[in-house]
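To be precise, the following lines are input-v5.csv, and they hold CSV, N, CA and C atoms.
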chain,number,residue,atom,x,y,z
U,1,MET,N,0.8,-1.2,0.0
U,1,MET,CA,0.0,0.0,0.0
U,1,MET,C,0.9,1.2,0.0
U,2,GLN,N,0.5,2.2,-0.8
U,2,GLN,CA,1.3,3.4,-0.9
U,2,GLN,C,1.0,4.4,0.2
U,3,LYS,N,2.0,5.2,0.6
U,3,LYS,CA,1.9,6.1,1.6
U,3,LYS,C,1.1,7.3,1.1
U,4,ILE,N,0.1,7.8,1.9
U,4,ILE,CA,-0.7,8.9,1.5
U,4,ILE,C,-0.4,10.1,2.4
U,5,ASP,N,-0.2,11.2,1.8
U,5,ASP,CA,0.1,12.4,2.5
U,5,ASP,C,-1.3,13.1,2.8
U,6,PHE,N,-1.8,12.8,4.0
U,6,PHE,CA,-3.1,13.3,4.4
U,6,PHE,C,-3.1,14.8,4.5
U,7,MET,N,-2.0,15.4,5.0
U,7,MET,CA,-2.0,16.9,5.2
U,7,MET,C,-2.1,17.6,3.9
U,8,SER,N,-1.4,17.2,2.9
U,8,SER,CA,-1.5,17.9,1.6
U,8,SER,C,-2.9,17.8,1.0
U,9,LYS,N,-3.5,16.6,1.2
U,9,LYS,CA,-4.9,16.5,0.7
U,9,LYS,C,-5.9,17.3,1.5
U,10,LEU,N,-5.7,17.4,2.8
U,10,LEU,CA,-6.5,18.2,3.6
U,10,LEU,C,-6.3,19.7,3.3
U,11,SER,N,-5.0,20.1,3.1
U,11,SER,CA,-4.7,21.5,2.7
U,11,SER,C,-5.3,21.9,1.4
U,12,ALA,N,-5.3,21.0,0.4
U,12,ALA,CA,-6.0,21.3,-0.8
U,12,ALA,C,-7.5,21.4,-0.7
U,13,ALA,N,-8.1,20.6,0.2
U,13,ALA,CA,-9.5,20.7,0.4
U,13,ALA,C,-9.9,21.9,1.2
U,14,LEU,N,-9.1,22.3,2.1
U,14,LEU,CA,-9.4,23.5,3.0
U,14,LEU,C,-9.2,24.8,2.2
U,15,GLY,N,-8.2,24.8,1.4
U,15,GLY,CA,-7.9,26.1,0.7
U,15,GLY,C,-6.9,26.9,1.5
U,16,PRO,N,-6.5,28.1,1.0
U,16,PRO,CA,-5.5,28.8,1.6
U,16,PRO,C,-5.9,29.6,2.9
U,17,HIS,N,-7.1,29.8,3.1
U,17,HIS,CA,-7.6,30.7,4.2
U,17,HIS,C,-8.1,30.0,5.4
U,18,THR,N,-7.5,28.9,5.7
U,18,THR,CA,-8.0,28.1,6.9
U,18,THR,C,-6.8,27.5,7.6
U,19,ASP,N,-6.8,27.5,8.9
U,19,ASP,CA,-5.7,27.0,9.7
U,19,ASP,C,-5.7,25.5,9.6
U,20,LEU,N,-4.6,24.9,9.3
U,20,LEU,CA,-4.5,23.4,9.1
U,20,LEU,C,-4.7,22.7,10.4
U,21,GLU,N,-4.2,23.2,11.5
U,21,GLU,CA,-4.4,22.5,12.8
U,21,GLU,C,-5.8,22.4,13.2
U,22,PHE,N,-6.5,23.5,13.0
U,22,PHE,CA,-8.0,23.6,13.3
U,22,PHE,C,-8.7,22.7,12.3
U,23,GLY,N,-8.4,22.7,11.0
U,23,GLY,CA,-9.1,21.9,10.0
U,23,GLY,C,-8.8,20.4,10.3
U,24,ARG,N,-7.6,20.0,10.7
U,24,ARG,CA,-7.3,18.6,11.0
U,24,ARG,C,-8.1,18.2,12.2
U,25,ALA,N,-8.2,19.0,13.3
U,25,ALA,CA,-8.9,18.6,14.5
U,25,ALA,C,-10.4,18.5,14.2
U,26,ALA,N,-10.9,19.4,13.4
U,26,ALA,CA,-12.4,19.3,13.0
U,26,ALA,C,-12.7,18.1,12.2
U,27,MET,N,-11.8,17.8,11.2
U,27,MET,CA,-12.0,16.6,10.4
U,27,MET,C,-11.9,15.3,11.2
U,28,ILE,N,-11.0,15.2,12.1
U,28,ILE,CA,-10.9,14.0,13.0
U,28,ILE,C,-12.2,13.9,13.8
U,29,ALA,N,-12.7,15.0,14.4
U,29,ALA,CA,-13.9,15.0,15.2
U,29,ALA,C,-15.1,14.5,14.4
U,30,VAL,N,-15.2,15.1,13.2
U,30,VAL,CA,-16.4,14.7,12.4
U,30,VAL,C,-16.3,13.3,12.0
U,31,LEU,N,-15.1,12.8,11.6
U,31,LEU,CA,-15.0,11.4,11.1
U,31,LEU,C,-15.2,10.4,12.3
U,32,LYS,N,-14.8,10.8,13.5
U,32,LYS,CA,-15.0,9.9,14.7
U,32,LYS,C,-16.5,9.9,15.1
U,33,GLN,N,-17.1,11.1,14.9
U,33,GLN,CA,-18.5,11.2,15.3
U,33,GLN,C,-19.5,10.5,14.3
U,34,GLN,N,-19.3,10.7,13.1
U,34,GLN,CA,-20.3,10.3,12.1
U,34,GLN,C,-20.0,9.1,11.3
U,35,ALA,N,-18.8,8.5,11.5
U,35,ALA,CA,-18.4,7.3,10.7
U,35,ALA,C,-17.9,6.2,11.6
U,36,HIS,N,-18.1,5.0,11.2
U,36,HIS,CA,-17.5,3.8,11.9
U,36,HIS,C,-16.1,3.6,11.3
U,37,PRO,N,-15.2,3.2,12.2
U,37,PRO,CA,-13.8,3.1,11.8
U,37,PRO,C,-13.6,2.0,10.7
U,38,GLN,N,-14.5,1.0,10.6
U,38,GLN,CA,-14.3,0.0,9.5
U,38,GLN,C,-15.0,0.4,8.2
U,39,GLU,N,-15.7,1.5,8.2
U,39,GLU,CA,-16.4,1.9,7.0
U,39,GLU,C,-15.5,2.4,6.0
U,40,SER,N,-15.8,2.1,4.7
U,40,SER,CA,-14.9,2.5,3.6
U,40,SER,C,-15.1,4.0,3.3
U,41,VAL,N,-14.1,4.6,2.7
U,41,VAL,CA,-14.1,6.0,2.4
U,41,VAL,C,-15.2,6.2,1.3
U,42,ALA,N,-15.3,5.3,0.3
U,42,ALA,CA,-16.3,5.4,-0.8
U,42,ALA,C,-17.7,5.5,-0.2
U,43,PHE,N,-18.1,4.6,0.7
U,43,PHE,CA,-19.4,4.6,1.3
U,43,PHE,C,-19.7,5.9,2.1
U,44,PHE,N,-18.7,6.3,2.9
U,44,PHE,CA,-18.9,7.5,3.7
U,44,PHE,C,-19.0,8.8,2.8
U,45,ARG,N,-18.2,8.9,1.8
U,45,ARG,CA,-18.3,10.1,0.9
U,45,ARG,C,-19.6,10.1,0.1
U,46,THR,N,-20.2,8.9,-0.2
U,46,THR,CA,-21.5,8.9,-0.8
U,46,THR,C,-22.6,9.4,0.1
U,47,TRP,N,-22.5,9.0,1.4
U,47,TRP,CA,-23.4,9.5,2.4
U,47,TRP,C,-23.3,11.0,2.6
U,48,ALA,N,-22.0,11.4,2.7
U,48,ALA,CA,-21.8,12.9,3.0
U,48,ALA,C,-22.3,13.7,1.8
U,49,ALA,N,-22.1,13.2,0.6
U,49,ALA,CA,-22.6,14.0,-0.6
U,49,ALA,C,-24.1,14.1,-0.7
U,50,SER,N,-24.8,13.1,-0.2
U,50,SER,CA,-26.2,13.0,-0.3
U,50,SER,C,-26.9,13.7,0.9
U,51,ASN,N,-26.2,14.0,2.0
U,51,ASN,CA,-26.7,14.6,3.2
U,51,ASN,C,-26.5,16.1,3.1
U,52,GLU,N,-27.6,16.9,3.0
U,52,GLU,CA,-27.5,18.4,2.9
U,52,GLU,C,-27.8,19.1,4.2
U,53,PRO,N,-26.8,19.7,4.8
U,53,PRO,CA,-27.0,20.4,6.1
U,53,PRO,C,-27.7,21.8,5.8
U,54,GLN,N,-28.3,22.3,6.9
U,54,GLN,CA,-29.1,23.6,6.7
U,54,GLN,C,-28.3,24.8,6.9
U,55,LEU,N,-27.3,24.9,7.8
U,55,LEU,CA,-26.6,26.1,8.1
U,55,LEU,C,-25.4,26.3,7.1
U,56,PRO,N,-25.1,27.6,6.7
U,56,PRO,CA,-24.1,27.9,5.7
U,56,PRO,C,-22.7,27.3,6.1
U,57,HIS,N,-22.3,27.5,7.4
U,57,HIS,CA,-21.0,27.0,7.7
U,57,HIS,C,-20.9,25.5,7.7
U,58,ASP,N,-22.0,24.8,8.0
U,58,ASP,CA,-22.1,23.4,7.9
U,58,ASP,C,-22.0,22.9,6.4
U,59,ARG,N,-22.6,23.7,5.5
U,59,ARG,CA,-22.5,23.4,4.1
U,59,ARG,C,-21.1,23.5,3.6
U,60,TRP,N,-20.4,24.6,4.1
U,60,TRP,CA,-19.0,24.8,3.7
U,60,TRP,C,-18.2,23.6,4.2
U,61,PHE,N,-18.3,23.2,5.4
U,61,PHE,CA,-17.5,22.2,5.9
U,61,PHE,C,-17.8,20.8,5.2
U,62,GLN,N,-19.1,20.6,4.8
U,62,GLN,CA,-19.4,19.4,4.1
U,62,GLN,C,-18.7,19.4,2.7
U,63,ARG,N,-18.6,20.6,2.1
U,63,ARG,CA,-17.9,20.6,0.8
U,63,ARG,C,-16.4,20.3,1.0
U,64,VAL,N,-15.9,20.8,2.1
U,64,VAL,CA,-14.5,20.5,2.5
U,64,VAL,C,-14.3,19.0,2.7
U,65,LEU,N,-15.2,18.4,3.5
U,65,LEU,CA,-15.2,17.0,3.8
U,65,LEU,C,-15.3,16.2,2.6
U,66,THR,N,-16.2,16.5,1.7
U,66,THR,CA,-16.4,15.8,0.4
U,66,THR,C,-15.1,15.9,-0.5
U,67,ALA,N,-14.6,17.1,-0.6
U,67,ALA,CA,-13.4,17.3,-1.4
U,67,ALA,C,-12.2,16.5,-0.8
U,68,PHE,N,-12.1,16.4,0.5
U,68,PHE,CA,-11.0,15.6,1.2
U,68,PHE,C,-11.2,14.2,0.9
U,69,LEU,N,-12.4,13.7,1.0
U,69,LEU,CA,-12.7,12.2,0.8
U,69,LEU,C,-12.6,11.8,-0.6
U,70,LEU,N,-12.9,12.8,-1.5
U,70,LEU,CA,-12.7,12.5,-3.0
U,70,LEU,C,-11.2,12.3,-3.4
U,71,ALA,N,-10.4,13.0,-2.6
U,71,ALA,CA,-8.9,12.9,-2.9
U,71,ALA,C,-8.3,11.6,-2.4
U,72,LEU,N,-9.0,10.9,-1.6
U,72,LEU,CA,-8.5,9.6,-1.0
U,72,LEU,C,-8.9,8.4,-1.8
U,73,PRO,N,-8.1,7.3,-1.7
U,73,PRO,CA,-8.5,6.1,-2.4
U,73,PRO,C,-9.8,5.6,-1.9
U,74,ALA,N,-10.7,5.0,-2.7
U,74,ALA,CA,-12.0,4.5,-2.3
U,74,ALA,C,-12.0,3.3,-1.4
U,75,ASP,N,-10.9,2.5,-1.5
U,75,ASP,CA,-10.9,1.3,-0.7
U,75,ASP,C,-10.3,1.5,0.7
U,76,LEU,N,-9.9,2.7,1.0
U,76,LEU,CA,-9.3,3.0,2.3
U,76,LEU,C,-10.4,3.0,3.4
U,77,ARG,N,-10.0,2.6,4.6
U,77,ARG,CA,-11.0,2.6,5.8
U,77,ARG,C,-10.9,3.9,6.5
U,78,ILE,N,-12.1,4.3,7.1
U,78,ILE,CA,-12.1,5.6,7.8
U,78,ILE,C,-11.2,5.6,9.0
U,79,GLY,N,-11.0,4.4,9.7
U,79,GLY,CA,-10.1,4.3,10.8
U,79,GLY,C,-8.7,4.6,10.4
U,80,ASP,N,-8.3,4.1,9.2
U,80,ASP,CA,-7.0,4.4,8.7
U,80,ASP,C,-6.8,5.9,8.4
U,81,VAL,N,-7.8,6.6,7.9
U,81,VAL,CA,-7.8,8.0,7.7
U,81,VAL,C,-7.6,8.8,9.0
U,82,ILE,N,-8.4,8.4,10.0
U,82,ILE,CA,-8.3,9.0,11.3
U,82,ILE,C,-6.9,8.9,11.9
U,83,ALA,N,-6.4,7.6,11.8
U,83,ALA,CA,-5.0,7.4,12.3
U,83,ALA,C,-4.0,8.2,11.6
U,84,GLY,N,-4.1,8.3,10.3
U,84,GLY,CA,-3.2,9.0,9.4
U,84,GLY,C,-3.2,10.5,9.8
U,85,LEU,N,-4.4,11.1,10.0
U,85,LEU,CA,-4.6,12.5,10.3
U,85,LEU,C,-4.0,12.8,11.7
U,86,GLU,N,-4.2,11.8,12.6
U,86,GLU,CA,-3.7,12.1,14.0
U,86,GLU,C,-2.1,12.0,14.0
U,87,GLN,N,-1.5,11.2,13.2
U,87,GLN,CA,-0.1,11.0,13.1
U,87,GLN,C,0.6,12.1,12.3
U,88,ALA,N,-0.1,12.7,11.4
U,88,ALA,CA,0.4,13.6,10.4
U,88,ALA,C,0.9,14.9,11.1
U,89,THR,N,2.0,15.4,10.6
U,89,THR,CA,2.6,16.6,11.1
U,89,THR,C,2.2,17.7,10.1
U,90,VAL,N,2.0,18.9,10.7
U,90,VAL,CA,1.7,20.1,9.9
U,90,VAL,C,3.0,20.6,9.2
U,91,PRO,N,2.9,20.7,7.9
U,91,PRO,CA,4.2,21.2,7.2
U,91,PRO,C,4.5,22.6,7.6
U,92,PRO,N,5.7,23.0,7.5
U,92,PRO,CA,6.1,24.4,7.9
U,92,PRO,C,5.5,25.4,6.9
U,93,THR,N,5.2,26.6,7.4
U,93,THR,CA,4.7,27.6,6.6
U,93,THR,C,5.8,28.2,5.7
U,94,THR,N,5.4,29.0,4.8
U,94,THR,CA,6.4,29.7,3.9
U,94,THR,C,7.3,30.5,4.7
U,95,ALA,N,6.8,31.3,5.7
U,95,ALA,CA,7.6,32.1,6.6
U,95,ALA,C,8.6,31.3,7.4
U,96,GLU,N,8.2,30.2,7.9
U,96,GLU,CA,9.1,29.3,8.7
U,96,GLU,C,10.2,28.8,7.8
U,97,THR,N,9.8,28.4,6.6
U,97,THR,CA,10.8,27.9,5.6
U,97,THR,C,11.9,29.0,5.3
U,98,LEU,N,11.4,30.1,5.0
U,98,LEU,CA,12.3,31.2,4.6
U,98,LEU,C,13.1,31.6,5.8
U,99,GLU,N,12.6,31.6,7.0
U,99,GLU,CA,13.4,32.0,8.2
U,99,GLU,C,14.5,30.9,8.4
U,100,ARG,N,14.2,29.7,8.2
U,100,ARG,CA,15.2,28.6,8.3
U,100,ARG,C,16.3,28.8,7.2
U,101,TRP,N,15.9,29.1,6.0
U,101,TRP,CA,16.9,29.3,4.9
U,101,TRP,C,17.8,30.5,5.3
U,102,ALA,N,17.1,31.6,5.8
U,102,ALA,CA,17.9,32.8,6.1
U,102,ALA,C,18.9,32.5,7.2
U,103,ARG,N,18.6,31.7,8.2
U,103,ARG,CA,19.5,31.3,9.3
U,103,ARG,C,20.7,30.5,8.8
U,104,CYS,N,20.4,29.6,7.8
U,104,CYS,CA,21.5,28.8,7.3
U,104,CYS,C,22.3,29.4,6.2
U,105,CYS,N,21.9,30.5,5.6
U,105,CYS,CA,22.6,31.1,4.5
U,105,CYS,C,23.8,31.9,5.0
U,106,ILE,N,24.9,31.8,4.2
U,106,ILE,CA,26.1,32.5,4.6
U,106,ILE,C,26.4,33.7,3.8
U,107,VAL,N,25.7,33.9,2.7
U,107,VAL,CA,25.9,35.0,1.8
U,107,VAL,C,25.0,36.2,2.4
U,108,PRO,N,25.7,37.3,2.8
U,108,PRO,CA,24.9,38.4,3.5
U,108,PRO,C,23.8,39.0,2.7
U,109,GLY,N,23.9,39.2,1.4
U,109,GLY,CA,22.8,39.8,0.6
U,109,GLY,C,21.7,38.9,0.5
U,110,VAL,N,22.0,37.6,0.2
U,110,VAL,CA,20.9,36.6,0.1
U,110,VAL,C,20.2,36.4,1.4
U,111,ARG,N,21.0,36.4,2.5
U,111,ARG,CA,20.4,36.2,3.8
U,111,ARG,C,19.5,37.3,4.2
U,112,HIS,N,19.8,38.5,3.8
U,112,HIS,CA,19.0,39.7,4.1
U,112,HIS,C,17.7,39.6,3.3
U,113,ARG,N,17.8,39.2,2.0
U,113,ARG,CA,16.6,39.1,1.1
U,113,ARG,C,15.7,38.0,1.6
U,114,LEU,N,16.2,36.9,2.1
U,114,LEU,CA,15.4,35.8,2.6
U,114,LEU,C,14.7,36.3,3.9
U,115,ALA,N,15.4,37.0,4.7
U,115,ALA,CA,14.8,37.5,6.0
U,115,ALA,C,13.7,38.5,5.7
U,116,VAL,N,13.9,39.3,4.7
U,116,VAL,CA,12.8,40.3,4.3
U,116,VAL,C,11.6,39.5,3.8
U,117,GLN,N,11.8,38.5,2.9
U,117,GLN,CA,10.7,37.7,2.4
U,117,GLN,C,10.0,37.0,3.5
U,118,ALA,N,10.8,36.5,4.5
U,118,ALA,CA,10.2,35.8,5.6
U,118,ALA,C,9.3,36.7,6.5
U,119,ARG,N,9.8,37.9,6.7
U,119,ARG,CA,9.0,38.9,7.4
U,119,ARG,C,7.7,39.3,6.7
U,120,ARG,N,7.8,39.5,5.4
U,120,ARG,CA,6.6,39.8,4.6
U,120,ARG,C,5.6,38.6,4.6
U,121,ALA,N,6.1,37.4,4.5
U,121,ALA,CA,5.3,36.2,4.6
U,121,ALA,C,4.6,36.1,6.0
U,122,ARG,N,5.3,36.4,7.0
U,122,ARG,CA,4.8,36.3,8.4
U,122,ARG,C,3.7,37.4,8.5
U,123,LEU,N,3.9,38.6,8.0
U,123,LEU,CA,2.9,39.6,8.0
U,123,LEU,C,1.6,39.2,7.2
U,124,ARG,N,1.8,38.6,6.1
U,124,ARG,CA,0.7,38.1,5.3
U,124,ARG,C,-0.1,37.1,6.0
U,125,GLU,N,0.6,36.2,6.7
U,125,GLU,CA,-0.1,35.2,7.6
U,125,GLU,C,-0.9,35.8,8.6
U,126,ARG,N,-0.4,36.8,9.3
U,126,ARG,CA,-1.1,37.5,10.4
U,126,ARG,C,-2.3,38.3,9.8
U,127,ALA,N,-2.2,38.9,8.6
U,127,ALA,CA,-3.2,39.6,8.0
U,127,ALA,C,-4.4,38.7,7.5
U,128,LEU,N,-4.0,37.5,7.0
U,128,LEU,CA,-5.0,36.6,6.5
U,128,LEU,C,-5.6,35.8,7.7
U,129,GLY,N,-4.8,35.6,8.8
U,129,GLY,CA,-5.3,34.8,9.9
U,129,GLY,C,-5.2,33.3,9.6
U,130,ALA,N,-4.3,33.0,8.7
U,130,ALA,CA,-4.2,31.6,8.3
U,130,ALA,C,-2.7,31.3,7.9
U,131,ARG,N,-2.4,30.0,7.9
U,131,ARG,CA,-1.1,29.6,7.5
U,131,ARG,C,-0.9,29.9,6.0
U,132,PHE,N,0.2,30.4,5.6
U,132,PHE,CA,0.5,30.7,4.2
U,132,PHE,C,1.7,30.0,3.7

Is it possible to express this structure as structure tokens?
Amino acid sequence: MQKIDFMSKLSAALGPHTDLEFGRAAMIAVLKQQAHPQESVAFFRTWAASNEPQLPHDRWFQRVLTAFLLALPADLRIGDVIAGLEQATVPPTTAETLERWARCCIVPGVRHRLAVQARRARLRERALGARF
């Protein structure tokens, strides 16, 4: 069985303006509450697509849930998805990556440019309220 990167699939489903830690916790809670661990992903996503919630934020999250489940293989079990999400680590943000590169760089001009880009990326994260 091939290794699945659950966080990249969840990040693609959530979009750029949502916190990955919060999205992962919400996805784990919904899967634990509404699905049986031995249930297949194909069966649960069929149920999720046919069930229409009333509130707007519930409809948004159902679209996210459906997009996440569509990105996964159909023969996977919900218990495996929950375990994979719980074990997955959140990838570093753009600002964290640029800050790490700036600390490791030995060329002064490049180091300064990387530090400026990291600061701008950090400000963009704060303005958006999400990981960037």

Atom pair atom C of Pro108 of chain U / atom C of Glu125 of chain U: separation (Å): 25.6 Å

Nearest-residue call for Ala35 of chain U, choices U:Leu98, U:Gly79, U:Cys104, U:Gln87, using all atoms listed in the file: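 Of all the options, U:Gly79 lies closest to Ala35 of chain U.
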
Taking only N, CA and C atoms into account, name the residue in U:Leu128, U:Trp101, U:Pro91, U:Leu55 that is nearest to Ser8 of chain U.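 Of U:Leu128, U:Trp101, U:Pro91, U:Leu55, the one nearest Ser8 of chain U, counting only N, CA and C atoms, is U:Pro91.
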
Just asking: which residues within chain U are helix (DSSP H, G or I) according to DSSP, as a ChimeraX atom specification? /U:6-14,20-34,41-50,56-70,78-87,94-104,108-128

Measuring between only N, CA and C atoms, which one of U:Gln34, U:Glu39, U:Arg126, U:Leu14 shows the shortest distance to Asp75 of chain U? U:Glu39

Completed segment 108-118 of chain U (all heavy atoms) as a PDB file, keeping the file's coordinate frame:
ATOM      1  N   PRO U 108      25.700  37.300   2.800  1.00  0.00           N
ATOM      2  CA  PRO U 108      24.900  38.400   3.500  1.00  0.00           C
ATOM      3  C   PRO U 108      23.800  39.000   2.700  1.00  0.00           C
ATOM      4  O   PRO U 108      22.681  39.173   3.242  1.00  0.00           O
ATOM      5  CB  PRO U 108      25.990  39.448   3.753  1.00  0.00           C
ATOM      6  CG  PRO U 108      27.285  38.721   3.711  1.00  0.00           C
ATOM      7  CD  PRO U 108      27.098  37.592   2.750  1.00  0.00           C
ATOM      8  N   GLY U 109      23.900  39.200   1.400  1.00  0.00           N
ATOM      9  CA  GLY U 109      22.800  39.800   0.600  1.00  0.00           C
ATOM     10  C   GLY U 109      21.700  38.900   0.500  1.00  0.00           C
ATOM     11  O   GLY U 109      20.496  39.308   0.572  1.00  0.00           O
ATOM     12  N   VAL U 110      22.000  37.600   0.200  1.00  0.00           N
ATOM     13  CA  VAL U 110      20.900  36.600   0.100  1.00  0.00           C
ATOM     14  C   VAL U 110      20.200  36.400   1.400  1.00  0.00           C
ATOM     15  O   VAL U 110      18.985  36.290   1.472  1.00  0.00           O
ATOM     16  CB  VAL U 110      21.485  35.327  -0.510  1.00  0.00           C
ATOM     17  CG1 VAL U 110      20.431  34.242  -0.559  1.00  0.00           C
ATOM     18  CG2 VAL U 110      22.076  35.565  -1.889  1.00  0.00           C
ATOM     19  N   ARG U 111      21.000  36.400   2.500  1.00  0.00           N
ATOM     20  CA  ARG U 111      20.400  36.200   3.800  1.00  0.00           C
ATOM     21  C   ARG U 111      19.500  37.300   4.200  1.00  0.00           C
ATOM     22  O   ARG U 111      18.366  37.057   4.676  1.00  0.00           O
ATOM     23  CB  ARG U 111      21.549  36.094   4.849  1.00  0.00           C
ATOM     24  CG  ARG U 111      21.048  35.885   6.254  1.00  0.00           C
ATOM     25  CD  ARG U 111      22.163  35.715   7.251  1.00  0.00           C
ATOM     26  NE  ARG U 111      23.190  36.744   7.072  1.00  0.00           N
ATOM     27  CZ  ARG U 111      24.486  36.511   7.212  1.00  0.00           C
ATOM     28  NH1 ARG U 111      24.924  35.317   7.538  1.00  0.00           N
ATOM     29  NH2 ARG U 111      25.361  37.482   7.052  1.00  0.00           N
ATOM     30  N   HIS U 112      19.800  38.500   3.800  1.00  0.00           N
ATOM     31  CA  HIS U 112      19.000  39.700   4.100  1.00  0.00           C
ATOM     32  C   HIS U 112      17.700  39.600   3.300  1.00  0.00           C
ATOM     33  O   HIS U 112      16.579  39.849   3.775  1.00  0.00           O
ATOM     34  CB  HIS U 112      19.697  40.996   3.813  1.00  0.00           C
ATOM     35  CG  HIS U 112      18.831  42.203   3.967  1.00  0.00           C
ATOM     36  ND1 HIS U 112      18.406  42.645   5.209  1.00  0.00           N
ATOM     37  CD2 HIS U 112      18.279  43.034   3.055  1.00  0.00           C
ATOM     38  CE1 HIS U 112      17.639  43.705   5.051  1.00  0.00           C
ATOM     39  NE2 HIS U 112      17.554  43.962   3.740  1.00  0.00           N
ATOM     40  N   ARG U 113      17.800  39.200   2.000  1.00  0.00           N
ATOM     41  CA  ARG U 113      16.600  39.100   1.100  1.00  0.00           C
ATOM     42  C   ARG U 113      15.700  38.000   1.600  1.00  0.00           C
ATOM     43  O   ARG U 113      14.472  38.231   1.667  1.00  0.00           O
ATOM     44  CB  ARG U 113      17.062  38.834  -0.315  1.00  0.00           C
ATOM     45  CG  ARG U 113      15.894  38.787  -1.286  1.00  0.00           C
ATOM     46  CD  ARG U 113      16.341  38.620  -2.727  1.00  0.00           C
ATOM     47  NE  ARG U 113      17.319  37.573  -2.944  1.00  0.00           N
ATOM     48  CZ  ARG U 113      17.005  36.280  -3.124  1.00  0.00           C
ATOM     49  NH1 ARG U 113      15.767  35.891  -3.101  1.00  0.00           N
ATOM     50  NH2 ARG U 113      17.954  35.392  -3.326  1.00  0.00           N
ATOM     51  N   LEU U 114      16.200  36.900   2.100  1.00  0.00           N
ATOM     52  CA  LEU U 114      15.400  35.800   2.600  1.00  0.00           C
ATOM     53  C   LEU U 114      14.700  36.300   3.900  1.00  0.00           C
ATOM     54  O   LEU U 114      13.561  35.942   4.143  1.00  0.00           O
ATOM     55  CB  LEU U 114      16.263  34.582   2.862  1.00  0.00           C
ATOM     56  CG  LEU U 114      16.715  33.823   1.626  1.00  0.00           C
ATOM     57  CD1 LEU U 114      17.710  32.745   2.010  1.00  0.00           C
ATOM     58  CD2 LEU U 114      15.528  33.223   0.901  1.00  0.00           C
ATOM     59  N   ALA U 115      15.400  37.000   4.700  1.00  0.00           N
ATOM     60  CA  ALA U 115      14.800  37.500   6.000  1.00  0.00           C
ATOM     61  C   ALA U 115      13.700  38.500   5.700  1.00  0.00           C
ATOM     62  O   ALA U 115      12.668  38.453   6.383  1.00  0.00           O
ATOM     63  CB  ALA U 115      15.917  38.166   6.864  1.00  0.00           C
ATOM     64  N   VAL U 116      13.900  39.300   4.700  1.00  0.00           N
ATOM     65  CA  VAL U 116      12.800  40.300   4.300  1.00  0.00           C
ATOM     66  C   VAL U 116      11.600  39.500   3.800  1.00  0.00           C
ATOM     67  O   VAL U 116      10.458  39.826   4.133  1.00  0.00           O
ATOM     68  CB  VAL U 116      13.348  41.324   3.314  1.00  0.00           C
ATOM     69  CG1 VAL U 116      12.217  42.124   2.699  1.00  0.00           C
ATOM     70  CG2 VAL U 116      14.356  42.230   3.980  1.00  0.00           C
ATOM     71  N   GLN U 117      11.800  38.500   2.900  1.00  0.00           N
ATOM     72  CA  GLN U 117      10.700  37.700   2.400  1.00  0.00           C
ATOM     73  C   GLN U 117      10.000  37.000   3.500  1.00  0.00           C
ATOM     74  O   GLN U 117       8.797  36.868   3.502  1.00  0.00           O
ATOM     75  CB  GLN U 117      11.260  36.754   1.363  1.00  0.00           C
ATOM     76  CG  GLN U 117      11.659  37.395   0.061  1.00  0.00           C
ATOM     77  CD  GLN U 117      12.247  36.388  -0.911  1.00  0.00           C
ATOM     78  OE1 GLN U 117      12.557  35.259  -0.544  1.00  0.00           O
ATOM     79  NE2 GLN U 117      12.390  36.808  -2.160  1.00  0.00           N
ATOM     80  N   ALA U 118      10.800  36.500   4.500  1.00  0.00           N
ATOM     81  CA  ALA U 118      10.200  35.800   5.600  1.00  0.00           C
ATOM     82  C   ALA U 118       9.300  36.700   6.500  1.00  0.00           C
ATOM     83  O   ALA U 118       8.211  36.351   6.892  1.00  0.00           O
ATOM     84  CB  ALA U 118      11.254  35.143   6.494  1.00  0.00           C
TER      85      ALA U 118
END
